[in-house]
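The structure under discussion appears below in the form of structure tokens.
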Amino acid sequence: MAYESLLSVLQDKHKLSVAELKKVERVQKTSVSETVPQLLVKLGLCSELDVADAFVESGRFEKITPDQYPLEVQLPETVPLRFLKNYHVIGLSQNDDITVALMDPEDRFVIDALKLATGKNIIPKVGLLSEIDAALEVQYGEGRSQMDKLVDDLTVDDLGEEDLEHLKDLASEAPVIKMVNLIMQRAIETRASDIHIEPFEQSLKVRLRVDGVLKDIDAPSVKSTAAVISRIKIMAKLNIAERRLPQDGRIKVQMLGKELDLRVSTIPTMYGESVVIRLLDKENTVLDFAALGFSGKHLQQFINVLAQPHGIILITGPTGSGKSTTMYAALKQLNTSERKIITVEDPVEYQMDGVNQIQAKPQIGLTFASALRSIVRQDPDVIMIGEMRDLETARIAVQSALTGHLVLSTLHTNDAAGGVTRLLDMGLEEYLLTSTVNGILAQRLVRKLCPECKQRYTPPPDIIDGMRLRRFAPMGDIVLYKPVGCASCGGLGYRGRLAIIEFLQMTDPLRKLIMAHEEAGAIQRLAIEEGMTTMYENGLIKALQGITSLEEVLRVTSET
């Protein structure tokens, strides 16, 4: 089979399995018009970026970035636009030789055809198929996005509220399927965690949450709103006839070489249903404490508490602060053949081998509390509760901890000390809380500076003094870093996220304060006196280390 060096690189990087390679070989025998790289992307086995990077690593080709595509046409009129579009090739420059970018720089048919049409030597470079197509639109004057073209292909009549069969047919049409796939593809390419599809009176808005921040992308026209939302509901096996109540579902897809688990949530709004899709990428989920932002004292303290045979460990923070990922990292640490682990979650976000995971279903009476009552009869060593939502759940968790189980759960509070007062406010007795809770971890997510383009600078003296930065760097110059933006991070200056954390470990002096019903502020102050590093301080340390920026730390937390 041709392309040995390309396939070898993809296999070495674990982007292509032996079984997937055999699948490509089988398909290629019946598909003479498509080359191996094109099949890898078309079958969803590898992303365009994976293929381009593999060509570069295999030795002979240079990759083209979006800003390197010229705005003017670089090829003579003897090369028809139809040929360029069919084979996804674009001219970059023309001198004695002609330099072109194409997805498959080893495609001899395309290279020979260009050589014949131009009478010049062709120098091939590697480009991403989607970027080549977009650059062709710019060069040849149409300047219209893929989404605009798909909308043109869609014929939408005015739909009545009850015209469900027509809606189903419309949602199954090729343009609608391509629209939804294009939105998902853009989300995967930009490493988005969520897709927000929001209908308004005059427009349909599509936004992606990348590293915690929402940004607009090219959206379908408002006339396709019903069809696009119905398509997503059909994929998630939701009831497309029910538009008045919220619904939840899941979609499993393989796209751009990734196997994705999508969580779909719909709610009715004034102009249609608003849809949010959470993308759970199993390959990119790193369940490793160091990668999540744990280091030094915090890491050792948390591992020590996890090693205790019984008690409760709480992880707190607002929605989207990475609590679930930390919880799964803890479960991974505990997941050995000697321990039986059972979880009750709503929903189950990541499936873990060796862990018995229960999906809560309140509509049939399977709540956290009812599931927990049955779990303790299953002889578990570790119990994970998705969230402590009510007193009944908290009471059963405490009873489980008292009878020799290690219990992990989450709460929605602003800091670690707030976790104590939240449980007391629920109605949990203070003597039960102090005898079972081993530690409370609070966290937020900050964006990591792009290592390729971050720029160091010396902060002014008023910043150094006002934030007391000298306590973290008593010797030498104090240096911070700021985002710049480059091709590697998409011009944002940030790439990826990590947690800033504080860990309140239960001690006898703290137990006395809790028994005396002291407020969260007093508990926080005593914990700091005992050596607890706050989230704010942990963020400042990471800013001084060049991992994140000072602005990011101040965006998510403040000095208490």
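Chain lettering (A, B, ...) mirrors the order of the structure tokens, residue numbering begins at 1 for each chain separately, and ligand numbering begins at 1 in order of display.
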
Do a neighbour search on Leu81 of chain A at 12 Å with only C-alpha atoms, toss out local chain neighbours closer than 6 positions, and write the hits as a list in words.
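What passes the distance filter is Val73, Gln74, Leu75, Tyr87, His88, Val89, Ile90, Gly91, Asp133, Leu136, Glu137, Gln139, Tyr140, Gly141 and Glu142 of chain A.
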
Do a neighbour search on Gly491 of chain A at 12 Å with only C-alpha atoms, toss out local chain neighbours closer than 2 positions, and write the hits as a list in words.
Pro66, Asp67, Thr190, Leu449, Cys450, Glu452, Cys453, Lys454, Pro483, Val484, Gly485, Cys486, Ala487, Ser488, Cys489, Gly493, Tyr494 and Arg495 of chain A

Selected residues written out, N, CA and C atoms, as a short mmCIF file (atom, residue, chain, number, x, y, z; two decimals), in the first residue's frame:
data_model
loop_
_atom_site.label_atom_id
_atom_site.label_comp_id
_atom_site.auth_asym_id
_atom_site.auth_seq_id
_atom_site.Cartn_x
_atom_site.Cartn_y
_atom_site.Cartn_z
N PRO A 66 -3.02 29.41 7.72
CA PRO A 66 -4.06 30.20 7.05
C PRO A 66 -3.58 31.57 6.55
N ASP A 67 -2.67 32.21 7.29
CA ASP A 67 -2.22 33.55 6.88
C ASP A 67 -1.24 33.52 5.71
N THR A 190 -11.58 23.70 17.01
CA THR A 190 -11.18 24.78 17.92
C THR A 190 -11.09 24.33 19.38
N LEU A 449 -1.45 30.25 29.33
CA LEU A 449 -0.82 31.05 28.28
C LEU A 449 -0.22 30.13 27.21
N CYS A 450 -0.32 30.56 25.96
CA CYS A 450 0.27 29.80 24.86
C CYS A 450 1.79 29.83 25.00
N GLU A 452 4.02 29.23 22.91
CA GLU A 452 4.70 29.70 21.69
C GLU A 452 4.85 31.21 21.64
N CYS A 453 3.86 31.94 22.22
CA CYS A 453 3.87 33.40 21.99
C CYS A 453 3.78 34.23 23.27
N LYS A 454 3.72 33.63 24.45
CA LYS A 454 3.59 34.43 25.67
C LYS A 454 4.80 35.37 25.81
N PRO A 483 -0.55 37.46 27.29
CA PRO A 483 -0.89 36.79 26.03
C PRO A 483 -0.58 37.69 24.84
N VAL A 484 -0.18 37.07 23.72
CA VAL A 484 0.10 37.82 22.50
C VAL A 484 -0.81 37.35 21.37
N GLY A 485 -0.76 36.04 21.07
CA GLY A 485 -1.57 35.48 19.98
C GLY A 485 -0.70 35.08 18.80
N CYS A 486 -0.88 33.84 18.34
CA CYS A 486 -0.12 33.35 17.19
C CYS A 486 -0.96 32.27 16.48
N ALA A 487 -0.41 31.67 15.43
CA ALA A 487 -1.14 30.64 14.68
C ALA A 487 -1.41 29.42 15.55
N SER A 488 -0.50 29.13 16.48
CA SER A 488 -0.63 27.94 17.31
C SER A 488 -1.85 28.00 18.23
N CYS A 489 -2.18 29.21 18.72
CA CYS A 489 -3.31 29.36 19.66
C CYS A 489 -4.50 30.04 19.00
N GLY A 493 -3.79 33.84 22.34
CA GLY A 493 -2.77 34.01 23.37
C GLY A 493 -2.87 32.98 24.47
N TYR A 494 -3.96 32.20 24.46
CA TYR A 494 -4.16 31.15 25.47
C TYR A 494 -4.43 29.82 24.76
N ARG A 495 -4.04 28.74 25.41
CA ARG A 495 -4.33 27.41 24.86
C ARG A 495 -4.47 26.42 26.01
#

Which residues in segment 364-498 of chain A does DSSP call alpha helix (DSSP H)? List them as a ChimeraX atom specification.
/A:368-375,391-402,416-426,430-436,461-466

Selected residues written out, C-alpha atoms, as a compact mmCIF listing (two decimals), in the first residue's frame:
# COMPACT_ATOMS: atom_id res chain seq x y z
CA PHE A 368 -29.18 10.16 44.42
CA ALA A 369 -30.69 9.30 47.81
CA SER A 370 -32.63 6.21 46.68
CA ALA A 371 -29.64 4.87 44.71
CA LEU A 372 -27.33 5.45 47.70
CA ARG A 373 -29.56 3.38 49.99
CA SER A 374 -29.12 0.42 47.63
CA ILE A 375 -25.43 1.01 46.98
CA LEU A 391 -30.25 16.84 53.18
CA GLU A 392 -31.33 13.24 52.55
CA THR A 393 -28.39 12.63 50.20
CA ALA A 394 -25.97 14.32 52.64
CA ARG A 395 -27.27 12.20 55.57
CA ILE A 396 -26.84 8.90 53.69
CA ALA A 397 -23.33 10.00 52.58
CA VAL A 398 -22.43 10.70 56.22
CA GLN A 399 -23.80 7.32 57.33
CA SER A 400 -21.76 5.64 54.56
CA ALA A 401 -18.61 7.42 55.75
CA LEU A 402 -19.30 6.44 59.39
CA ALA A 416 -13.61 25.62 50.61
CA ALA A 417 -14.90 27.09 53.89
CA GLY A 418 -18.27 27.73 52.23
CA GLY A 419 -18.66 23.95 51.81
CA VAL A 420 -18.92 23.58 55.60
CA THR A 421 -21.60 26.25 56.01
CA ARG A 422 -23.55 24.90 53.00
CA LEU A 423 -23.87 21.48 54.65
CA LEU A 424 -24.87 23.09 57.96
CA ASP A 425 -27.47 25.24 56.13
CA MET A 426 -28.88 22.05 54.56
CA GLU A 430 -22.33 19.70 63.05
CA TYR A 431 -21.11 16.66 65.03
CA LEU A 432 -21.75 14.41 62.00
CA LEU A 433 -19.99 16.84 59.67
CA THR A 434 -16.86 17.18 61.83
CA SER A 435 -16.54 13.43 62.35
CA THR A 436 -16.79 12.52 58.65
CA PRO A 461 5.90 48.62 41.57
CA ASP A 462 2.31 49.45 42.59
CA ILE A 463 1.14 46.03 41.25
CA ILE A 464 4.02 44.24 43.04
CA ASP A 465 3.26 46.02 46.32
CA GLY A 466 -0.54 45.99 46.02

Just list as a ChimeraX atom specification whatever in segment 236-439 of chain A DSSP marks as strand (DSSP E or B).
/A:247-255,258-269,272-281,311-316,341-345,355-359,361,366,382-385,406-411,437-439

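Note that atom CA of Gln505 of chain A and atom CA of Met532 of chain A are 8.3 Å apart.
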
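What separates atom CA of Thr533 of chain A from atom CA of Pro509 of chain A is a distance of 17.4 Å.
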